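Student: This is model.cif (mmCIF, C-alpha atoms).
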```cif
data_query
loop_
_atom_site.label_atom_id
_atom_site.label_comp_id
_atom_site.auth_asym_id
_atom_site.auth_seq_id
_atom_site.Cartn_x
_atom_site.Cartn_y
_atom_site.Cartn_z
CA ASP J 1 -8.74 2.26 -12.40
CA SER J 2 -7.27 4.49 -9.68
CA GLY J 3 -6.20 7.27 -12.02
CA VAL J 4 -2.54 6.79 -11.10
CA THR J 5 -0.40 5.63 -14.01
CA GLN J 6 3.00 3.98 -13.89
CA THR J 7 5.41 3.16 -16.68
CA PRO J 8 6.81 0.81 -17.64
CA LYS J 9 4.72 -2.14 -16.47
CA HIS J 10 7.64 -4.52 -16.61
CA LEU J 11 11.36 -3.98 -16.65
CA ILE J 12 14.10 -6.56 -17.02
CA THR J 13 17.67 -5.45 -16.58
CA ALA J 14 21.07 -6.64 -15.42
CA THR J 15 22.99 -6.13 -12.22
CA GLY J 16 24.88 -2.88 -12.08
CA GLN J 17 22.50 -1.07 -14.39
CA ARG J 18 20.35 1.98 -13.74
CA VAL J 19 16.62 2.32 -14.40
CA THR J 20 13.99 5.02 -14.08
CA LEU J 21 10.41 4.34 -13.06
CA ARG J 22 7.78 6.93 -13.83
CA CYS J 23 4.55 7.82 -12.06
CA SER J 24 1.76 10.22 -12.99
CA PRO J 25 -0.53 11.02 -10.06
CA ARG J 26 -4.27 11.51 -10.18
CA SER J 27 -5.34 14.89 -11.42
CA GLY J 28 -5.23 17.35 -8.52
CA ASP J 29 -3.12 15.20 -6.21
CA LEU J 30 -0.06 16.98 -4.83
CA SER J 31 1.47 14.11 -2.85
CA VAL J 32 3.27 11.19 -4.45
CA TYR J 33 4.52 8.15 -2.56
CA TRP J 34 6.75 5.27 -3.62
CA TYR J 35 6.52 1.79 -2.13
CA GLN J 36 8.46 -1.41 -2.74
CA GLN J 37 6.84 -4.84 -2.52
CA SER J 38 9.13 -7.84 -2.27
CA LEU J 39 8.63 -11.39 -1.06
CA ASP J 40 11.00 -11.08 1.88
CA GLN J 41 10.30 -7.51 2.99
CA GLY J 42 6.62 -7.16 2.13
CA LEU J 43 5.30 -3.70 1.28
CA GLN J 44 7.59 -0.91 2.43
CA PHE J 45 7.37 2.86 2.18
CA LEU J 46 10.30 4.38 0.32
CA ILE J 47 9.77 8.10 -0.08
CA GLN J 48 7.14 10.85 -0.33
CA TYR J 49 7.03 14.09 -2.25
CA TYR J 50 4.58 16.91 -1.80
CA ASN J 51 4.27 19.58 -4.47
CA GLY J 52 7.81 19.05 -5.65
CA GLU J 53 9.52 18.78 -2.29
CA GLU J 54 10.65 15.72 -0.41
CA ARG J 55 8.41 15.25 2.61
CA ALA J 56 9.37 11.90 4.14
CA LYS J 57 11.86 9.11 3.70
CA GLY J 58 11.50 5.47 4.61
CA ASN J 59 13.69 2.47 3.97
CA ILE J 60 15.15 3.85 0.76
CA LEU J 61 18.65 2.79 -0.19
CA GLU J 62 21.26 5.41 -1.03
CA ARG J 63 21.45 3.90 -4.53
CA PHE J 64 17.82 4.97 -5.02
CA SER J 65 16.63 8.52 -5.55
CA ALA J 66 13.44 10.21 -6.59
CA GLN J 67 12.08 13.55 -7.62
CA GLN J 68 8.78 15.22 -8.34
CA PHE J 69 8.59 17.59 -11.27
CA PRO J 70 6.62 20.85 -11.66
CA ASP J 71 3.87 19.00 -13.51
CA LEU J 72 3.69 16.73 -10.39
CA HIS J 73 4.76 13.52 -12.07
CA SER J 74 7.48 11.64 -10.22
CA GLU J 75 10.41 9.46 -11.13
CA LEU J 76 12.18 6.86 -9.03
CA ASN J 77 15.77 6.22 -10.08
CA LEU J 78 17.41 2.95 -9.11
CA SER J 79 21.14 2.60 -9.76
CA SER J 80 23.87 -0.03 -9.34
CA LEU J 81 21.10 -2.57 -9.35
CA GLU J 82 21.44 -5.79 -7.40
CA LEU J 83 19.50 -9.03 -7.61
CA GLY J 84 17.74 -8.14 -4.38
CA ASP J 85 16.23 -5.03 -5.95
CA SER J 86 13.88 -7.22 -7.95
CA ALA J 87 10.44 -6.25 -6.71
CA LEU J 88 7.15 -4.60 -7.52
CA TYR J 89 7.38 -0.83 -7.17
CA PHE J 90 4.16 1.04 -6.50
CA CYS J 91 3.43 4.70 -6.76
CA ALA J 92 0.50 6.23 -4.88
CA SER J 93 -0.92 9.72 -4.80
CA SER J 94 -3.22 11.76 -2.60
CA VAL J 95 -4.45 15.33 -2.40
CA THR J 96 -2.70 15.88 0.92
CA TYR J 97 -1.01 13.56 3.40
CA GLN J 98 -4.29 13.18 5.32
CA GLU J 99 -6.30 11.98 2.37
CA THR J 100 -6.64 8.48 0.97
CA GLN J 101 -3.73 7.21 -1.08
CA TYR J 102 -4.60 5.78 -4.47
CA PHE J 103 -2.18 3.25 -5.89
CA GLY J 104 -0.99 2.71 -9.42
CA PRO J 105 -0.71 -0.74 -11.01
CA GLY J 106 2.98 -0.98 -10.23
CA THR J 107 6.20 -1.59 -12.15
CA ARG J 108 7.62 -5.07 -11.88
CA LEU J 109 11.41 -4.95 -11.91
CA LEU J 110 13.49 -8.04 -12.52
CA VAL J 111 17.24 -7.78 -12.11
CA LEU J 112 19.18 -10.65 -13.66
CA ALA A 113 6.00 3.25 17.05
CA GLN A 114 3.12 2.25 14.83
CA SER A 115 2.72 -1.28 13.55
CA VAL A 116 0.10 -3.73 12.40
CA THR A 117 0.06 -7.49 12.74
CA GLN A 118 -2.10 -9.66 10.55
CA LEU A 119 -2.74 -12.79 12.51
CA ASP A 120 -3.26 -15.15 9.59
CA SER A 121 -1.09 -15.40 6.52
CA HIS A 122 -3.69 -17.53 4.72
CA VAL A 123 -7.44 -17.92 5.17
CA SER A 124 -9.60 -20.34 3.23
CA VAL A 125 -13.42 -20.15 3.13
CA SER A 126 -16.18 -21.62 1.04
CA GLU A 127 -18.23 -19.40 -1.23
CA GLY A 128 -21.23 -18.02 0.62
CA THR A 129 -19.68 -18.38 4.10
CA PRO A 130 -18.46 -15.49 6.30
CA VAL A 131 -15.00 -14.00 6.00
CA LEU A 132 -12.90 -12.87 8.97
CA LEU A 133 -9.43 -11.42 8.46
CA ARG A 134 -7.74 -10.44 11.69
CA CYS A 135 -5.54 -7.43 12.35
CA ASN A 136 -4.06 -6.03 15.55
CA TYR A 137 -2.45 -2.64 15.67
CA SER A 138 0.04 -0.88 17.87
CA SER A 139 -0.06 2.88 18.07
CA SER A 140 0.76 5.54 20.62
CA TYR A 141 -1.92 7.79 19.19
CA SER A 142 -5.45 7.41 17.91
CA PRO A 143 -4.61 5.60 14.71
CA SER A 144 -5.79 5.96 11.14
CA LEU A 145 -6.32 2.42 9.90
CA PHE A 146 -7.05 1.02 6.47
CA TRP A 147 -7.69 -2.21 4.66
CA TYR A 148 -6.40 -2.52 1.11
CA VAL A 149 -6.93 -5.42 -1.29
CA GLN A 150 -4.57 -6.61 -4.01
CA HIS A 151 -5.89 -8.89 -6.72
CA PRO A 152 -3.34 -10.94 -8.68
CA ASN A 153 -1.19 -8.78 -10.92
CA LYS A 154 -3.12 -5.67 -9.91
CA GLY A 155 -2.45 -2.60 -7.82
CA LEU A 156 -3.79 -1.93 -4.35
CA GLN A 157 -7.38 -0.87 -3.88
CA LEU A 158 -8.76 0.77 -0.76
CA LEU A 159 -11.52 -1.27 0.86
CA LEU A 160 -12.23 0.95 3.84
CA LYS A 161 -10.67 3.34 6.34
CA TYR A 162 -11.06 4.29 9.99
CA THR A 163 -10.19 7.84 11.02
CA SER A 164 -11.73 8.15 14.52
CA ALA A 165 -15.32 8.65 13.48
CA ALA A 166 -17.68 5.65 13.75
CA THR A 167 -16.02 2.51 15.09
CA LEU A 168 -17.87 0.29 12.60
CA VAL A 169 -16.65 1.14 9.14
CA LYS A 170 -18.37 0.03 5.98
CA GLY A 171 -16.38 -0.41 2.82
CA ILE A 172 -16.81 -1.50 -0.73
CA ASN A 173 -18.04 -4.90 -1.90
CA GLY A 174 -19.83 -5.65 1.38
CA PHE A 175 -16.76 -5.54 3.62
CA GLU A 176 -16.82 -4.05 7.11
CA ALA A 177 -14.29 -3.53 9.86
CA GLU A 178 -14.72 -2.71 13.52
CA PHE A 179 -12.23 -0.61 15.45
CA LYS A 180 -11.88 -1.96 19.01
CA LYS A 181 -9.57 0.16 21.09
CA SER A 182 -9.73 -2.14 24.13
CA GLU A 183 -8.51 -5.05 22.00
CA THR A 184 -6.30 -2.95 19.67
CA SER A 185 -7.95 -4.75 16.78
CA PHE A 186 -9.34 -3.82 13.39
CA HIS A 187 -10.69 -7.04 11.94
CA LEU A 188 -12.18 -7.20 8.45
CA THR A 189 -15.41 -9.11 7.89
CA LYS A 190 -17.86 -9.95 5.14
CA PRO A 191 -21.06 -11.93 5.69
CA SER A 192 -20.84 -13.99 2.52
CA ALA A 193 -17.72 -14.66 0.47
CA HIS A 194 -17.75 -14.48 -3.29
CA MET A 195 -15.27 -16.11 -5.63
CA SER A 196 -14.13 -12.65 -6.74
CA ASP A 197 -13.01 -11.89 -3.16
CA ALA A 198 -10.01 -14.17 -3.58
CA ALA A 199 -7.03 -11.83 -3.22
CA GLU A 200 -4.42 -10.59 -0.78
CA TYR A 201 -5.58 -8.23 1.94
CA PHE A 202 -3.42 -5.73 3.79
CA CYS A 203 -4.12 -4.05 7.10
CA VAL A 204 -2.43 -0.66 7.14
CA VAL A 205 -1.74 2.07 9.70
CA ARG A 206 -0.77 5.63 8.89
CA VAL A 207 2.13 7.11 10.83
CA PRO A 208 1.01 10.21 12.76
CA GLY A 209 2.39 13.52 11.64
CA ASN A 210 2.38 15.37 8.38
CA THR A 211 3.82 12.75 6.06
CA GLY A 212 1.09 10.26 5.20
CA LYS A 213 3.55 7.38 5.49
CA LEU A 214 1.74 4.03 5.56
CA ILE A 215 2.91 0.90 7.37
CA PHE A 216 1.60 -2.35 5.92
CA GLY A 217 0.94 -5.67 7.58
CA GLN A 218 2.39 -8.78 6.03
CA GLY A 219 -0.84 -9.55 4.21
CA THR A 220 -3.46 -12.29 4.37
CA THR A 221 -4.20 -14.39 1.31
CA LEU A 222 -7.90 -15.17 1.08
CA GLN A 223 -8.82 -18.32 -0.81
CA VAL A 224 -12.48 -18.85 -1.72
CA LYS A 225 -13.51 -22.40 -2.58
CA PRO A 226 -16.55 -23.14 -4.71
#
```
What is this structure when it is put down as structure tokens?
Tutor:
Amino acid sequence: DSGVTQTPKHLITATGQRVTLRCSPRSGDLSVYWYQQSLDQGLQFLIQYYNGEERAKGNILERFSAQQFPDLHSELNLSSLELGDSALYFCASSVTYQETQYFGPGTRLLVL
Amino acid sequence: AQSVTQLDSHVSVSEGTPVLLRCNYSSSYSPSLFWYVQHPNKGLQLLLKYTSAATLVKGINGFEAEFKKSETSFHLTKPSAHMSDAAEYFCVVRVPGNTGKLIFGQGTTLQVKP
């Protein structure tokens, strides 16, 4: 158990819908990262927050957004969902950007 | 730009025999390199990391990796495979700078036969 929690574990929804994925980092970690794992694209970095502020962006679609709250938990919002958004979404956390990232168990999203 | 290439998409070994998972990296700077493992339906677990200290890095569960700058390689080894080692393994490089962004290889699936 990494200490990073993600909810829900599984999510099934329809095209065009909007969903919110939630991540609680390890106690004391200020950085939160979101990654997407799909069969065709592999594991890709989406976005990073550090102590409530966006720090880096990767291959994140405009339909996706994220935020980190004062209690340091983070949410990833996915809207206007398409079939191709079906993937495993991981959250990771670390104390700072230089420290080891610890990954949560992931949220498996299926868009029908 | 930083990148990693895992040279084998699938490796099959017999239990008790050595494991070698190959990774080459490309980086303009002295890289920070990692190996993560993903068991079926599980999250990613850090096996080991290289951050410019000793070139031979020891990790958990008997895994090791050697950083070879001349060959731009960071291969993962284990002397004796166990059935529980069956999983997907990712070689990862961290992008330099103050972001912590990780770039993952495509992964190598390790099969361990009894």
Student: With 10 Å as the cut-off and all atoms listed in the file counted, what is the closest atom pair between each nearby residue of region 43-103 of chain J and region 2-8 of chain J? Distances in Å to one decimal, ordered by chain and number, as CSV.
Tutor:
```
residue,atom,partner,partner_atom,distance
J:His73,CA,J:Thr5,CA,9.6
J:Ser74,CA,J:Gln6,CA,9.6
J:Glu75,CA,J:Gln6,CA,9.6
J:Tyr89,CA,J:Gln6,CA,9.4
J:Phe90,CA,J:Gln6,CA,8.0
J:Cys91,CA,J:Gln6,CA,7.2
J:Ala92,CA,J:Val4,CA,6.9
J:Ser93,CA,J:Val4,CA,7.1
J:Ser94,CA,J:Val4,CA,9.9
J:Gln101,CA,J:Ser2,CA,9.7
J:Tyr102,CA,J:Ser2,CA,6.0
J:Phe103,CA,J:Val4,CA,6.3
```
Student: What lies within 8 Å of region 40-55 of chain J using only C-alpha atoms, ignoring chain neighbours under 3 positions off, as an NGL selection string?
Tutor: (:J and (30-37 or 58-60 or 66-70 or 72 or 96)) or (:A and (211 or 213-218))
Student: At what distance in Å, to one decimal, does CA of Gly212 (chain A) lie from CA of Ser139 (chain A)?
Tutor: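 Those two atoms sit 14.9 Å apart.
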Student: Give me, please, the distance in Å between CA of Val207 (chain A) and CA of Ser140 (chain A), quoted to one decimal.
Tutor: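 Atom-to-atom, CA of Val207 (chain A) to CA of Ser140 (chain A), that is 10.0 Å.
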Student: Please list as a ChimeraX atom specification every residue within 9 Å of Met195 (chain A), counting only C-alpha atoms and excluding residues in the same chain fewer than 6 positions away.
Tutor: /A:126-128,223-226
Student: Have a look at J:Asp1, J:Leu109, J:Asp85, J:Ser65 and name the one nearest to chain A; count only C-alpha atoms.
Tutor: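 Looking only at the distances to chain A, the closest residue turns out to be J:Asp1.
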Student: Given the choices A:Pro130, A:Gly209, A:Gly155, A:Pro143, which gets closest to chain J if the distance is worked out from only C-alpha atoms?
Tutor: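 Counting only C-alpha atoms, the residue closest to chain J is A:Gly155.
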Student: Please return, as a JSON list (two decimals) with C-alpha atoms, keeping the file's coordinate frame, all polymer residues that have at least one atom within 8 Å of the point (-13.5, -13.7, -0.1); use all atoms listed in the file and the file's own coordinate frame.
Tutor:
```
[["chain", "number", "residue", "atom", "x", "y", "z"],
["A", 125, "VAL", "CA", -13.42, -20.15, 3.13],
["A", 127, "GLU", "CA", -18.23, -19.40, -1.23],
["A", 131, "VAL", "CA", -15.00, -14.00, 6.00],
["A", 190, "LYS", "CA", -17.86, -9.95, 5.14],
["A", 192, "SER", "CA", -20.84, -13.99, 2.52],
["A", 193, "ALA", "CA", -17.72, -14.66, 0.47],
["A", 194, "HIS", "CA", -17.75, -14.48, -3.29],
["A", 195, "MET", "CA", -15.27, -16.11, -5.63],
["A", 196, "SER", "CA", -14.13, -12.65, -6.74],
["A", 197, "ASP", "CA", -13.01, -11.89, -3.16],
["A", 198, "ALA", "CA", -10.01, -14.17, -3.58],
["A", 199, "ALA", "CA", -7.03, -11.83, -3.22],
["A", 222, "LEU", "CA", -7.90, -15.17, 1.08],
["A", 223, "GLN", "CA", -8.82, -18.32, -0.81],
["A", 224, "VAL", "CA", -12.48, -18.85, -1.72]]
```
Student: Please measure the separation of CA of Phe175 (chain A) and CA of Gln98 (chain J), giving the value in Å to one decimal.
Tutor: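 Between CA of Phe175 (chain A) and CA of Gln98 (chain J) the gap works out to 22.6 Å.
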Student: Counting all atoms listed in the file, collect the residues of chain A whose closest atom lies at most 12 Å from chain J, and write them out as a ChimeraX atom specification.
Tutor: /A:144-163,200-220
Student: Using all atoms listed in the file, which residues sit within 6 Å of Leu188 (chain A) once same-chain residues fewer than 5 positions away are excluded, as a PyMOL selection string?
Tutor: chain A and resi 132-133+176-177
Student: Using only C-alpha atoms, can you tell me which of A:Thr221, A:Thr189, A:Asn173, A:Thr117 comes closest to Ser138 (chain A)?
Tutor: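 Of A:Thr221, A:Thr189, A:Asn173, A:Thr117, the one nearest Ser138 (chain A), counting only C-alpha atoms, is A:Thr117.
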Student: Kindly indicate which residue among J:Leu61, J:Leu112, J:Leu76, J:Ile12 lies nearest to Ser24 (chain J), using only C-alpha atoms for the distances.
Tutor: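 Looking only at the distances to Ser24 (chain J), the closest residue turns out to be J:Leu76.
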Student: Once you add 8 Å to each side, what are the centre and edge lengths of the axis-aligned box holding all listed atoms of region 20-23 of chain J? One decimal in Å, as JSON, if you can.
Tutor:
```
{"center_x": 9.3, "center_y": 6.1, "center_z": -13.1, "size_x": 25.4, "size_y": 19.5, "size_z": 18.0}
```
Student: For the file shown, report as a list of chain:residue names the outcome of the PyMOL selection byres ((chain A and resi 181) around 10) at residue level.
Tutor: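 Residues picked by the PyMOL selection byres ((chain A and resi 181) around 10): A:Asn136, A:Tyr137, A:Ser142, A:Pro143, A:Thr167, A:Glu178, A:Phe179, A:Lys180, A:Ser182, A:Glu183, A:Thr184, A:Ser185, A:Phe186.
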